[in-house]
Structure formats: structure tokens, C-alpha cells
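Structure file protein05.txt (compact mmCIF, C-alpha atoms) is printed below.
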# COMPACT_ATOMS: atom_id res chain seq x y z
CA MET A 28 22.09 35.32 29.71
CA PRO A 29 23.65 32.61 31.85
CA GLU A 30 25.93 33.76 34.63
CA LEU A 31 29.62 33.08 33.98
CA ASN A 32 31.10 30.81 36.58
CA THR A 33 34.14 32.59 37.97
CA ALA A 34 34.80 30.19 40.81
CA SER A 35 38.02 28.93 39.23
CA MET A 36 39.39 32.39 38.63
CA PRO A 37 41.28 32.58 41.95
CA ASP A 38 42.89 29.25 41.14
CA LEU A 39 44.04 30.48 37.78
CA VAL A 40 45.38 33.70 39.19
CA PHE A 41 47.17 31.83 41.94
CA ALA A 42 48.79 29.61 39.36
CA ILE A 43 50.16 32.65 37.51
CA LEU A 44 51.14 34.19 40.81
CA PHE A 45 53.19 31.16 41.80
CA PHE A 46 54.88 31.15 38.43
CA PHE A 47 56.01 34.71 38.95
CA MET A 48 57.03 34.09 42.54
CA VAL A 49 59.26 31.23 41.47
CA THR A 50 60.85 32.89 38.45
CA THR A 51 61.35 36.26 40.09
CA THR A 52 64.69 37.23 41.36
CA MET A 53 64.33 40.26 43.51
CA ARG A 54 66.68 43.01 42.58
CA SER A 55 69.03 42.60 45.47
CA GLU A 56 71.10 45.70 45.01
CA THR A 57 70.23 49.24 44.25
CA LEU A 58 72.38 50.76 41.59
CA MET A 59 74.35 53.73 42.74
CA VAL A 60 76.17 54.31 39.49
CA ARG A 61 74.73 55.33 36.17
CA LEU A 62 74.97 52.52 33.67
CA LYS A 63 74.42 52.86 29.99
CA LEU A 64 75.69 49.57 28.72
CA PRO A 65 77.42 49.50 25.34
CA GLN A 66 75.72 47.71 22.48
CA ALA A 67 76.95 44.54 20.88
CA SER A 68 75.38 42.07 18.49
CA GLU A 69 77.23 38.90 19.46
CA VAL A 70 76.24 38.75 23.11
CA GLN A 71 75.63 35.49 24.90
CA LYS A 72 73.24 35.02 27.77
CA LEU A 73 74.71 34.30 31.16
CA GLU A 74 73.01 31.12 32.19
CA LYS A 75 73.22 30.43 35.89
CA LYS A 76 72.43 33.56 37.76
CA SER A 77 73.71 32.25 41.06
CA LEU A 78 77.17 31.86 39.56
CA VAL A 79 77.42 35.43 38.35
CA THR A 80 79.08 38.16 40.33
CA TYR A 81 78.61 41.74 39.25
CA ILE A 82 80.98 44.64 39.16
CA ASN A 83 79.40 47.97 38.31
CA LEU A 84 81.45 50.79 36.90
CA GLY A 85 80.15 54.22 36.05
CA PRO A 86 79.66 57.77 37.21
CA ALA A 87 77.88 58.06 40.54
CA MET A 88 74.20 58.95 40.47
CA ASP A 89 74.58 61.18 43.46
CA ALA A 90 76.42 64.33 42.40
CA LYS A 91 78.13 64.67 45.74
CA TYR A 92 80.48 61.84 44.81
CA GLY A 93 81.70 63.78 41.77
CA THR A 94 81.49 62.88 38.12
CA GLY A 95 84.42 60.47 37.91
CA THR A 96 84.02 56.75 37.41
CA GLN A 97 83.12 54.91 40.58
CA MET A 98 82.96 51.23 41.25
CA GLN A 99 80.09 49.62 43.08
CA LEU A 100 80.41 46.19 44.63
CA ASN A 101 77.28 44.93 46.30
CA ASP A 102 75.72 47.96 47.89
CA LYS A 103 78.64 50.26 48.38
CA PHE A 104 81.33 52.10 46.53
CA ALA A 105 84.68 50.39 46.55
CA GLN A 106 88.21 50.73 45.31
CA VAL A 107 90.02 48.41 42.95
CA GLU A 108 91.96 46.97 45.88
CA ASP A 109 88.71 45.70 47.38
CA ILE A 110 87.99 43.46 44.42
CA GLN A 111 90.14 40.58 45.62
CA ASP A 112 88.37 40.40 48.96
CA TYR A 113 85.02 40.73 47.28
CA ILE A 114 85.75 37.93 44.82
CA ALA A 115 87.12 35.69 47.57
CA GLN A 116 84.00 36.30 49.60
CA GLU A 117 81.67 35.60 46.68
CA LYS A 118 83.65 32.51 45.79
CA SER A 119 83.44 31.08 49.28
CA SER A 120 79.67 31.38 49.22
CA LEU A 121 79.53 28.93 46.31
CA ASN A 122 80.10 25.25 46.71
CA GLU A 123 83.39 23.84 45.59
CA ALA A 124 82.26 22.39 42.29
CA ASP A 125 80.74 25.68 41.24
CA GLN A 126 83.71 27.82 42.13
CA GLN A 127 85.43 27.10 38.81
CA LEU A 128 82.33 28.18 36.99
CA MET A 129 81.98 31.53 38.65
CA THR A 130 81.62 34.30 36.12
CA VAL A 131 82.25 37.94 36.79
CA SER A 132 80.07 40.25 34.78
CA ILE A 133 81.63 43.65 34.27
CA LYS A 134 78.84 46.12 33.86
CA ALA A 135 80.42 49.34 32.81
CA ASP A 136 79.05 52.54 31.44
CA GLU A 137 79.94 53.01 27.79
CA ASP A 138 81.83 56.24 28.50
CA THR A 139 84.15 54.60 30.99
CA ARG A 140 87.81 54.94 30.14
CA MET A 141 89.65 51.69 29.58
CA ARG A 142 92.14 52.37 32.34
CA TYR A 143 89.49 51.53 34.93
CA ILE A 144 88.50 48.39 33.08
CA SER A 145 92.13 47.33 32.80
CA ASP A 146 92.66 47.86 36.52
CA VAL A 147 89.61 45.76 37.27
CA LYS A 148 90.79 43.07 34.88
CA GLN A 149 94.21 42.92 36.51
CA ALA A 150 92.61 42.66 39.93
CA LEU A 151 90.38 39.85 38.70
CA ARG A 152 93.36 38.00 37.33
CA LYS A 153 95.07 38.25 40.68
CA ALA A 154 91.92 36.96 42.35
CA TYR A 155 91.80 34.04 39.91
CA ALA A 156 88.38 35.03 38.68
CA LEU A 157 89.25 34.35 35.07
CA LYS A 158 85.84 33.87 33.54
CA ILE A 159 84.51 37.29 32.77
CA SER A 160 81.81 38.77 30.65
CA TYR A 161 81.60 42.29 29.32
CA SER A 162 77.99 43.10 29.87
CA ALA A 163 76.34 44.62 26.82
CA ARG A 164 72.92 45.23 25.40
CA LYS A 165 71.80 43.17 22.47
CA ALA A 166 71.74 45.14 19.27
CA GLU A 167 71.21 44.31 15.66
CA ASN A 168 73.62 45.70 13.18
CA MET B 19 23.39 23.95 75.55
CA SER B 20 21.70 22.47 72.64
CA LYS B 21 23.71 19.89 70.78
CA LYS B 22 22.15 20.31 67.43
CA LYS B 23 24.39 20.31 64.43
CA ARG B 24 25.39 23.74 63.34
CA LYS B 25 26.33 24.37 59.78
CA VAL B 26 29.70 26.00 59.18
CA PRO B 27 28.87 29.20 57.35
CA ALA B 28 30.34 29.33 53.88
CA LEU B 29 33.30 31.64 53.64
CA ASN B 30 32.79 34.48 51.26
CA ALA B 31 35.65 33.93 48.86
CA SER B 32 34.69 36.48 46.28
CA SER B 33 37.48 38.84 47.32
CA MET B 34 40.04 36.09 46.94
CA ALA B 35 40.43 36.91 43.27
CA ASP B 36 41.05 40.55 44.08
CA ILE B 37 43.68 39.72 46.67
CA SER B 38 45.52 37.33 44.44
CA PHE B 39 45.38 39.80 41.58
CA LEU B 40 46.97 42.35 43.86
CA LEU B 41 49.77 39.95 44.74
CA LEU B 42 50.19 39.04 41.11
CA THR B 43 50.56 42.67 40.07
CA PHE B 44 53.10 43.21 42.83
CA PHE B 45 55.27 40.35 41.61
CA LEU B 46 54.83 41.41 38.01
CA LEU B 47 56.16 44.83 38.81
CA VAL B 48 58.95 43.70 41.08
CA SER B 49 60.27 40.85 38.99
CA SER B 50 63.14 41.46 36.66
CA MET B 51 63.12 38.75 34.10
CA ASP B 52 65.99 40.24 32.19
CA THR B 53 68.99 38.00 32.19
CA ASP B 54 72.34 39.58 31.88
CA SER B 55 74.08 39.14 28.57
CA GLY B 56 77.54 39.98 27.46
CA LEU B 57 80.69 39.03 25.61
CA ALA B 58 82.36 36.18 27.43
CA ARG B 59 86.12 36.18 27.78
CA ARG B 60 88.70 34.20 29.63
CA LEU B 61 91.51 36.10 31.29
CA PRO B 62 95.01 34.61 31.42
CA PRO B 63 96.14 33.49 34.87
CA PRO B 64 98.23 36.03 36.76
CA PRO B 65 101.98 36.01 36.17
CA GLN B 66 103.68 33.81 38.72
CA ASP B 67 106.55 36.14 39.24
CA ASP B 68 106.18 39.86 38.80
CA THR B 69 109.82 40.57 38.20
CA HIS B 70 110.23 37.90 35.57
CA MET B 71 107.41 38.29 33.11
CA GLU B 72 107.59 35.61 30.56
CA THR B 73 106.60 36.83 27.15
CA VAL B 74 105.35 34.27 24.74
CA LYS B 75 107.15 34.52 21.48
CA VAL B 76 104.84 34.68 18.54
CA GLN B 77 105.98 34.66 14.97
CA GLU B 78 105.37 37.95 13.19
CA ARG B 79 103.17 36.42 10.55
CA ASN B 80 100.93 34.76 13.12
CA LEU B 81 100.12 38.04 14.80
CA LEU B 82 97.31 40.44 14.05
CA VAL B 83 97.58 43.53 16.18
CA VAL B 84 94.45 45.54 16.82
CA LEU B 85 95.14 48.85 18.48
CA VAL B 86 92.51 51.23 19.77
CA ASN B 87 93.86 54.64 20.58
CA SER B 88 92.74 57.43 22.88
CA SER B 89 90.57 59.12 20.24
CA ASP B 90 88.79 55.80 19.60
CA GLU B 91 90.44 55.12 16.28
CA THR B 92 91.35 51.55 15.47
CA MET B 93 94.44 50.33 13.71
CA VAL B 94 94.73 46.79 12.43
CA LYS B 95 98.22 45.70 11.62
CA SER B 96 99.44 42.44 10.15
CA GLN B 97 102.26 41.50 7.81
CA ILE B 98 100.15 42.25 4.75
CA GLY B 99 99.44 45.79 5.73
CA THR B 100 97.88 48.29 8.04
CA GLU B 101 94.35 49.62 8.07
CA TRP B 102 92.96 52.57 9.98
CA TYR B 103 89.37 52.87 11.07
CA GLN B 104 88.28 56.33 12.12
CA SER B 105 84.83 55.47 13.43
CA ASP B 106 82.53 52.65 14.42
CA ALA B 107 80.78 52.84 11.06
CA GLU B 108 84.03 52.14 9.27
CA LEU B 109 84.66 49.17 11.53
CA LEU B 110 81.50 47.65 10.18
CA GLY B 111 82.64 48.13 6.61
CA ARG B 112 80.55 51.17 5.72
CA GLY B 113 82.70 53.51 3.74
CA ASN B 114 85.09 51.97 1.28
CA LYS B 115 87.25 49.89 3.56
CA ALA B 116 87.15 46.19 4.20
CA SER B 117 85.47 45.71 7.57
CA LEU B 118 87.44 44.57 10.57
CA LYS B 119 85.42 41.37 10.55
CA ASP B 120 86.52 40.51 7.01
CA LYS B 121 90.12 41.35 7.85
CA VAL B 122 89.99 38.95 10.78
CA LYS B 123 88.39 36.22 8.72
CA GLU B 124 90.97 36.61 5.96
CA PHE B 125 93.68 36.46 8.61
CA VAL B 126 92.34 33.39 10.38
CA LEU B 127 91.56 31.43 7.23
CA ASN B 128 94.56 32.27 5.05
CA THR B 129 92.93 30.42 2.17
CA SER B 130 95.60 31.44 -0.32
CA ASN B 131 98.44 30.16 1.86
CA ASN B 132 99.98 33.61 1.78
CA PRO B 133 103.40 33.59 3.47
CA LEU B 134 102.52 36.90 5.11
CA LEU B 135 99.45 35.44 6.79
CA PRO B 136 99.51 32.86 9.61
CA GLU B 137 101.12 29.51 9.04
CA LEU B 138 98.84 26.71 7.91
CA MET B 139 99.30 23.39 9.63
CA GLU B 140 97.56 20.11 8.95
CA GLU B 141 95.54 18.93 11.89
CA ASP B 142 93.11 16.12 12.48
CA PHE B 143 89.72 17.11 13.86
CA GLY B 144 87.99 13.75 13.61
CA ALA B 145 85.17 12.78 11.27
CA PRO B 146 83.59 14.34 9.31
CA ILE B 147 86.04 17.22 9.22
CA GLY B 148 89.12 15.06 8.82
CA THR B 149 92.58 16.49 8.42
CA VAL B 150 92.53 20.06 7.24
CA PRO B 151 95.12 22.83 7.25
CA VAL B 152 94.37 25.48 9.87
CA THR B 153 96.18 28.43 11.32
CA SER B 154 96.21 27.07 14.83
CA ASP B 155 98.95 29.40 16.02
CA HIS B 156 97.40 32.69 15.02
CA VAL B 157 96.94 35.29 17.70
CA ILE B 158 94.85 38.42 17.63
CA SER B 159 96.36 40.87 20.03
CA LEU B 160 93.92 43.52 21.17
CA GLN B 161 95.61 46.49 22.76
CA ASN B 162 94.14 49.70 23.98
CA ASP B 163 95.15 53.03 25.39
CA ALA B 164 94.33 54.03 28.95
CA THR B 165 91.82 56.59 27.73
CA THR B 166 90.12 54.49 25.09
CA SER B 167 86.39 54.54 25.66
CA TYR B 168 84.70 51.34 26.71
CA LYS B 169 82.11 51.75 24.00
CA THR B 170 84.66 51.52 21.20
CA TYR B 171 86.49 48.72 22.94
CA ILE B 172 83.32 46.67 23.08
CA ALA B 173 82.53 47.54 19.47
CA VAL B 174 85.93 46.17 18.43
CA GLN B 175 85.57 43.10 20.64
CA ASN B 176 82.17 42.53 19.13
CA GLU B 177 83.57 42.60 15.60
CA LEU B 178 86.24 40.08 16.55
CA VAL B 179 83.68 37.73 18.05
CA ARG B 180 81.45 38.23 15.05
CA ALA B 181 84.28 37.17 12.72
CA TYR B 182 84.75 33.94 14.66
CA ASN B 183 81.03 33.30 14.85
CA GLU B 184 80.73 33.65 11.10
CA LEU B 185 83.67 31.32 10.55
CA ARG B 186 82.05 28.75 12.81
CA GLN B 187 78.76 29.13 11.05
CA GLU B 188 80.46 28.60 7.69
CA GLY B 189 82.29 25.58 9.10
CA ALA B 190 79.05 24.12 10.41
CA ARG B 191 77.41 24.55 7.02
CA LYS B 192 80.35 23.01 5.23
CA TYR B 193 80.98 19.97 7.40
CA PHE B 194 77.66 19.25 9.06
CA ASN B 195 75.33 20.87 6.55
CA SER B 196 73.41 22.57 9.32
CA ASP B 197 73.45 25.84 11.22
CA TYR B 198 75.92 26.16 14.05
CA GLU B 199 73.23 26.64 16.65
CA ASN B 200 71.52 23.40 15.65
CA LEU B 201 74.62 21.27 16.14
CA THR B 202 75.02 18.91 19.06
CA GLU B 203 77.43 19.84 21.83
CA ASP B 204 80.08 17.46 20.46
CA GLN B 205 79.81 18.89 16.98
CA LYS B 206 80.05 22.42 18.34
CA GLU B 207 83.16 21.39 20.20
CA GLN B 208 84.69 20.13 16.96
CA ILE B 209 83.92 23.36 15.15
CA ASN B 210 85.24 25.40 18.05
CA LYS B 211 88.45 23.41 17.89
CA LEU B 212 88.64 24.11 14.18
CA TYR B 213 88.32 27.86 14.77
CA PRO B 214 89.48 28.52 18.32
CA GLN B 215 89.09 32.08 19.55
CA ARG B 216 92.60 33.25 20.10
CA ILE B 217 92.20 36.79 21.28
CA SER B 218 94.80 38.12 23.64
CA GLU B 219 93.93 41.19 25.65
CA ALA B 220 97.22 42.67 26.63
CA GLU B 221 97.43 45.15 29.43
CA PRO B 222 97.84 48.64 28.04
CA LYS B 223 101.43 49.35 27.33
CA ASN B 224 103.68 51.65 25.47
CA PHE B 225 103.53 50.21 22.00
CA MET B 226 104.97 53.21 20.23
CA GLY B 227 108.45 52.58 21.52
CA GLY B 228 110.79 50.00 20.10
CA LYS B 229 111.33 48.89 16.54
Written form, C-alpha cells:
Amino acid sequence: MPELNTASMPDLVFAILFFFMVTTTMRSETLMVRLKLPQASEVQKLEKKSLVTYINLGPAMDAKYGTGTQMQLNDKFAQVEDIQDYIAQEKSSLNEADQQLMTVSIKADEDTRMRYISDVKQALRKAYALKISYSARKAEN
Amino acid sequence: MSKKKRKVPALNASSMADISFLLLTFFLLVSSMDTDSGLARRLPPPPQDDTHMETVKVQERNLLVVLVNSSDETMVKSQIGTEWYQSDAELLGRGNKASLKDKVKEFVLNTSNNPLLPELMEEDFGAPIGTVPVTSDHVISLQNDATTSYKTYIAVQNELVRAYNELRQEGARKYFNSDYENLTEDQKEQINKLYPQRISEAEPKNFMGGK
């Protein structure tokens, strides 16, 4: 049986490796709240990842913070009043043309009460972050 | 020191594959290809003056009120009547009620020119749609209680979006004889103008009082 020439195998593997390195976005934040996103069938994909800012809402994973709904911005818990600063900060990191296109994705646990969501929405309005998206899992129904 | 040519020994590259496989597996595990998806909405700009909130007057017949209460029941109220949905299954039309989606479509289209449904006005949308009567002033007002669960809220939002998506799909079939997703950007724009999403998300308020 002739020996299989595997000399090009590293090249192939490297090609795949580079593909993954380029497409990967490292998970930059660790979730500190429990998120079970609600399901919806009419969801749209958020295209440009760099333009999306996330707001996480849900009960804290760590029991010492209680069972109430907590908000996580970046890597720490925050209050609704912090949203404006957070949005301003995220906005300033984008270039001017992209600032209009900034989308805020509200990732909230499905058991969250609407009063939290409404507070967040009001804060976002004040911060002029008007493009929002209610994050949801794709479901067929 | 002898100056004879020495051959560079060939590097043993057989472990190269192993190393790159290792790296590959690492990136495979670490990468999150999932893109976020959700229901896109546009919030209204903040009120300029807190003390003087300007309320936009909307004619009764142009208004479809969707209320979600604290026990996650949904009420849909327009001039032609009121419908209660006790659960998510009923929202989708299981059970013997018209689904929320169909209610919304009936409301937006007003094919029978019912005086209790939104006003039809002739508008020009450019070829090939031409001038057609549409209910361009209709508003769907989505209101919720402070303790409504997010899950139900999203379910209701989803049904509203689904109604519009189906209308747009029907419009695309009718005027362009093609599926909505296969249209060009300009054609999509036209269809979106024909059926604009007019969903207003009011801040939770006391809607029991008054009248």
C-alpha cells in the first residue's frame, strides 16, 4: 500500500485555524446574571457586532446578591441611573458616522417584570439611544 | 576550522500538524459564532419638556389598543370590539378566537372600508403599486402593566411584528410577484412604506382611570 502523503496537512489545518481566528469574537464579558431569553419567531439578526451594545437583565447567578432582577453593564452590576453614562461612553468609542447606527440589545430574562424594562427604556430614550432590539431566541411556531 | 559546506539539517515538522490541531481546537471551543438576534424597535425621542408633555391626538378609529396586564392576559380593543386572550396559545389563535395577528391585519388593512376601522386614504407609492388606499394614520398602542412578564410582552410584540411581516409578504406577492425577502432594497422600501410599522410603546400608565 502506498504511503499517504500528509505533508500538506499542516497547511490545511492552518488554513482552517486562520478562518476561526478571524471569525471568532472572544466572549468579552462573563455573564453574572441568569439569562433565559424569551422565544420569538420574527427575530432579525443584528448585523454589525461592533455597533451593538448589550444590557443584561436577570436574576444574579450568585445567590449573595439576592433573587431580584439585576442589571449588568459590561462586567459589573449597575443601576438604571448608570445607563446614560454607559451609553455615552459606548457611543464615544464609535466613530461619528456610526454613532447614529448604534443599537442597544436588551437581553432580559423571560421572567423579568416589565417595570425594569420600562425603566431601562426610559433611560435609553434620555440617552438618545433610540435603536433597540429585544433579544430573543429564534423559535418556530 | 574547515570551511566545507555543511548541510542545514531538515527540521522535523511532523509535530506541526499536532500543534496546529491543538490551536484549532482551542479556537473552535472558544469562538462563539452565535450572532445576537432580536425584535428591532425604535424608541421615540425623549420629551423636550417634562412638565409639558405633548400628547399626540389620535382619532379613536385609528387606534388599536393592546393591553397586557399583570397576570399576563392580553386585551385588544378597537372601535369594533374587545377581545381577551388568556394565554399565549390563544394569542396564536388556538382555541376558538381570532388570533391577535389576524386582528392586527384586519385593523391595518380595513378592506371593507368599515367606518369603525382606521381611515383609508389614497396615497401614491410609485410604480408598480400606484395609488392605493391605505390606513396610513393607524396606530397600535401597546401598553403594559409594571408587573407584566417580559415573556408575554415579547410574545405579543412578536405577534404584532408577524402581522406586519405577513402583510408585507402579501404585498410583495401582489405587486412584485415575488417573496418579500427576494425583493431589492428599493422594492422593500416601497412595501415598507405601504405597510409602515406603527407600534407605539407607551410607558406604563394608569389606563383604568378616565372615561
Nearest to chain A, chosen from B:Ala190, B:Val126, B:Val26, B:Leu178, with only C-alpha atoms counted in the distances: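 Closest to chain A, using only C-alpha atoms: B:Leu178.
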Can you work out which one of A:Ser160, A:Leu39, A:Gln71, A:Thr130 has the shortest atom-to-atom distance to Ile114 of chain A, counting only C-alpha atoms?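 Closest to Ile114 of chain A, using only C-alpha atoms: A:Thr130.
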If you count all atoms listed in the file, which residues fall within 12 Å of Thr43 of chain B, apart from same-chain ones fewer than 3 positions away, as a compact mmCIF listing (two decimals) with C-alpha atoms, in the frame of the given file?
# COMPACT_ATOMS: atom_id res chain seq x y z
CA VAL A 40 45.38 33.70 39.19
CA PHE A 41 47.17 31.83 41.94
CA ILE A 43 50.16 32.65 37.51
CA LEU A 44 51.14 34.19 40.81
CA PHE A 45 53.19 31.16 41.80
CA PHE A 47 56.01 34.71 38.95
CA MET A 48 57.03 34.09 42.54
CA ASP B 36 41.05 40.55 44.08
CA ILE B 37 43.68 39.72 46.67
CA SER B 38 45.52 37.33 44.44
CA PHE B 39 45.38 39.80 41.58
CA LEU B 40 46.97 42.35 43.86
CA LEU B 46 54.83 41.41 38.01
CA LEU B 47 56.16 44.83 38.81
CA VAL B 48 58.95 43.70 41.08
CA SER B 49 60.27 40.85 38.99
Report, in Å to a single decimal, how far apart atom CA of Leu82 of chain B and atom CA of Glu69 of chain A are.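 Atom-to-atom, atom CA of Glu69 of chain A and atom CA of Leu82 of chain B are spaced 20.9 Å apart.
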Please report as CSV every residue of chain B lying within 6 Å of chain A, along with the nearest atom pair and their distance in Å (one decimal), using all atoms listed in the file.
residue,atom,partner,partner_atom,distance
B:Ala35,CA,A:Pro37,CA,4.6
B:Leu42,CA,A:Leu44,CA,5.0
B:Ser49,CA,A:Thr51,CA,4.8
B:Asp54,CA,A:Leu73,CA,5.8
B:Ser55,CA,A:Lys72,CA,4.3
B:Gly56,CA,A:Ser162,CA,4.0
B:Leu57,CA,A:Tyr161,CA,5.0
B:Ala58,CA,A:Ser160,CA,4.2
B:Arg59,CA,A:Ile159,CA,5.4
B:Arg60,CA,A:Lys158,CA,4.9
B:Leu61,CA,A:Leu157,CA,4.7
B:Pro63,CA,A:Arg152,CA,5.8
B:Pro64,CA,A:Arg152,CA,5.3
B:Ala164,CA,A:Arg142,CA,4.4
B:Thr165,CA,A:Arg140,CA,5.0
B:Thr166,CA,A:Met141,CA,5.3
B:Ser167,CA,A:Arg140,CA,4.7
B:Tyr168,CA,A:Glu137,CA,5.2
B:Lys169,CA,A:Glu137,CA,4.5
B:Asn176,CA,A:Ala67,CA,5.9
Find the residue from B:Leu160, B:Val179, B:Met93, B:Val122 that sits nearest to Ser218 of chain B; use all atoms listed in the file when measuring. B:Leu160
Quick one: pull the distance between atom CA of Val83 of chain B and atom CA of Trp102 of chain B, Å, one decimal.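 About the pair atom CA of Val83 of chain B and atom CA of Trp102 of chain B: they are 11.9 Å apart.
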What separation in Å, quoted to one decimal, exists between atom CA of Gly85 of chain A and atom CA of Leu109 of chain B?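 Atom CA of Gly85 of chain A sits 25.4 Å away from atom CA of Leu109 of chain B.
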Please determine, counting all atoms listed in the file, which residue among B:Gln187, B:Gln97, B:Thr170, B:Thr202 has the shortest atom-to-atom distance to Leu85 of chain B.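 For Leu85 of chain B, the nearest of the given residues is B:Thr170.
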Which residue is closest to Met129 of chain A? Choose from A:Leu78, A:Leu58, A:Thr96, A:Glu108 and count only C-alpha atoms.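 Of A:Leu78, A:Leu58, A:Thr96, A:Glu108, the one nearest Met129 of chain A is A:Leu78, counting only C-alpha atoms.
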Nearby residues (all atoms listed in the file) at most 12 Å from Gln106 of chain A, same-chain spacing under 3 positions excluded, as a ChimeraX atom specification: /A:82-84,96-100,103,109-113,143,146-147,150
I need the residue nearest Leu135 of chain B from this list: B:Leu110, B:Ala116, B:Ile209, B:Ile98. Use all atoms listed in the file for the distance. B:Ile98
Using only C-alpha atoms, determine which residues lie at most 12 Å from Tyr182 of chain B, disregarding the query and same-chain residues fewer than 3 positions distant; provide the list as a count of residues only. 32
Write out as JSON an axis-aligned box for segment 57-68 of chain A: all of its atoms listed in the file, 6 Å added on each side, centre and edge lengths in Å with one decimal.
{"center_x": 73.8, "center_y": 48.7, "center_z": 31.4, "size_x": 19.2, "size_y": 25.3, "size_z": 37.8}
Could I see segment 35-43 of chain A restored to all heavy atoms, set down as a PDB file, keeping the file's coordinate frame?
ATOM      1  N   SER A  35      36.647  29.417  39.427  1.00  0.00           N
ATOM      2  CA  SER A  35      38.020  28.930  39.230  1.00  0.00           C
ATOM      3  C   SER A  35      39.005  30.061  38.963  1.00  0.00           C
ATOM      4  O   SER A  35      40.187  29.835  38.789  1.00  0.00           O
ATOM      5  CB  SER A  35      38.044  27.939  38.075  1.00  0.00           C
ATOM      6  OG  SER A  35      37.546  28.565  36.926  1.00  0.00           O
ATOM      7  N   MET A  36      38.501  31.269  38.905  1.00  0.00           N
ATOM      8  CA  MET A  36      39.390  32.390  38.630  1.00  0.00           C
ATOM      9  C   MET A  36      40.511  32.547  39.654  1.00  0.00           C
ATOM     10  O   MET A  36      41.678  32.692  39.271  1.00  0.00           O
ATOM     11  CB  MET A  36      38.597  33.683  38.555  1.00  0.00           C
ATOM     12  CG  MET A  36      39.508  34.844  38.365  1.00  0.00           C
ATOM     13  SD  MET A  36      39.023  35.920  37.083  1.00  0.00           S
ATOM     14  CE  MET A  36      38.022  37.055  37.976  1.00  0.00           C
ATOM     15  N   PRO A  37      40.189  32.482  40.978  1.00  0.00           N
ATOM     16  CA  PRO A  37      41.280  32.580  41.950  1.00  0.00           C
ATOM     17  C   PRO A  37      42.337  31.519  41.729  1.00  0.00           C
ATOM     18  O   PRO A  37      43.534  31.802  41.831  1.00  0.00           O
ATOM     19  CB  PRO A  37      40.589  32.382  43.289  1.00  0.00           C
ATOM     20  CG  PRO A  37      39.199  32.762  43.055  1.00  0.00           C
ATOM     21  CD  PRO A  37      38.887  32.430  41.639  1.00  0.00           C
ATOM     22  N   ASP A  38      41.923  30.331  41.382  1.00  0.00           N
ATOM     23  CA  ASP A  38      42.890  29.250  41.140  1.00  0.00           C
ATOM     24  C   ASP A  38      43.820  29.601  39.996  1.00  0.00           C
ATOM     25  O   ASP A  38      45.038  29.422  40.076  1.00  0.00           O
ATOM     26  CB  ASP A  38      42.160  27.949  40.814  1.00  0.00           C
ATOM     27  CG  ASP A  38      41.229  27.529  41.945  1.00  0.00           C
ATOM     28  OD1 ASP A  38      41.358  28.149  43.021  1.00  0.00           O
ATOM     29  OD2 ASP A  38      40.419  26.614  41.751  1.00  0.00           O
ATOM     30  N   LEU A  39      43.236  30.111  38.939  1.00  0.00           N
ATOM     31  CA  LEU A  39      44.040  30.480  37.780  1.00  0.00           C
ATOM     32  C   LEU A  39      45.043  31.576  38.159  1.00  0.00           C
ATOM     33  O   LEU A  39      46.237  31.494  37.852  1.00  0.00           O
ATOM     34  CB  LEU A  39      43.148  30.993  36.650  1.00  0.00           C
ATOM     35  CG  LEU A  39      42.328  29.942  35.915  1.00  0.00           C
ATOM     36  CD1 LEU A  39      41.395  30.605  34.928  1.00  0.00           C
ATOM     37  CD2 LEU A  39      43.278  28.989  35.201  1.00  0.00           C
ATOM     38  N   VAL A  40      44.519  32.581  38.826  1.00  0.00           N
ATOM     39  CA  VAL A  40      45.380  33.700  39.190  1.00  0.00           C
ATOM     40  C   VAL A  40      46.486  33.237  40.118  1.00  0.00           C
ATOM     41  O   VAL A  40      47.642  33.646  39.976  1.00  0.00           O
ATOM     42  CB  VAL A  40      44.536  34.820  39.836  1.00  0.00           C
ATOM     43  CG1 VAL A  40      45.436  35.933  40.321  1.00  0.00           C
ATOM     44  CG2 VAL A  40      43.532  35.348  38.855  1.00  0.00           C
ATOM     45  N   PHE A  41      46.141  32.361  41.034  1.00  0.00           N
ATOM     46  CA  PHE A  41      47.170  31.830  41.940  1.00  0.00           C
ATOM     47  C   PHE A  41      48.243  31.074  41.171  1.00  0.00           C
ATOM     48  O   PHE A  41      49.421  31.177  41.481  1.00  0.00           O
ATOM     49  CB  PHE A  41      46.549  30.914  42.993  1.00  0.00           C
ATOM     50  CG  PHE A  41      46.245  31.634  44.272  1.00  0.00           C
ATOM     51  CD1 PHE A  41      44.963  31.703  44.761  1.00  0.00           C
ATOM     52  CD2 PHE A  41      47.282  32.256  44.976  1.00  0.00           C
ATOM     53  CE1 PHE A  41      44.688  32.387  45.929  1.00  0.00           C
ATOM     54  CE2 PHE A  41      47.003  32.928  46.146  1.00  0.00           C
ATOM     55  CZ  PHE A  41      45.707  33.002  46.624  1.00  0.00           C
ATOM     56  N   ALA A  42      47.817  30.355  40.162  1.00  0.00           N
ATOM     57  CA  ALA A  42      48.790  29.610  39.360  1.00  0.00           C
ATOM     58  C   ALA A  42      49.793  30.568  38.717  1.00  0.00           C
ATOM     59  O   ALA A  42      51.011  30.363  38.760  1.00  0.00           O
ATOM     60  CB  ALA A  42      48.083  28.775  38.302  1.00  0.00           C
ATOM     61  N   ILE A  43      49.266  31.653  38.129  1.00  0.00           N
ATOM     62  CA  ILE A  43      50.160  32.650  37.510  1.00  0.00           C
ATOM     63  C   ILE A  43      51.043  33.281  38.578  1.00  0.00           C
ATOM     64  O   ILE A  43      52.243  33.492  38.396  1.00  0.00           O
ATOM     65  CB  ILE A  43      49.347  33.742  36.788  1.00  0.00           C
ATOM     66  CG1 ILE A  43      48.299  33.116  35.873  1.00  0.00           C
ATOM     67  CG2 ILE A  43      50.259  34.620  35.958  1.00  0.00           C
ATOM     68  CD1 ILE A  43      47.394  34.143  35.242  1.00  0.00           C
TER      69      ILE A  43
END
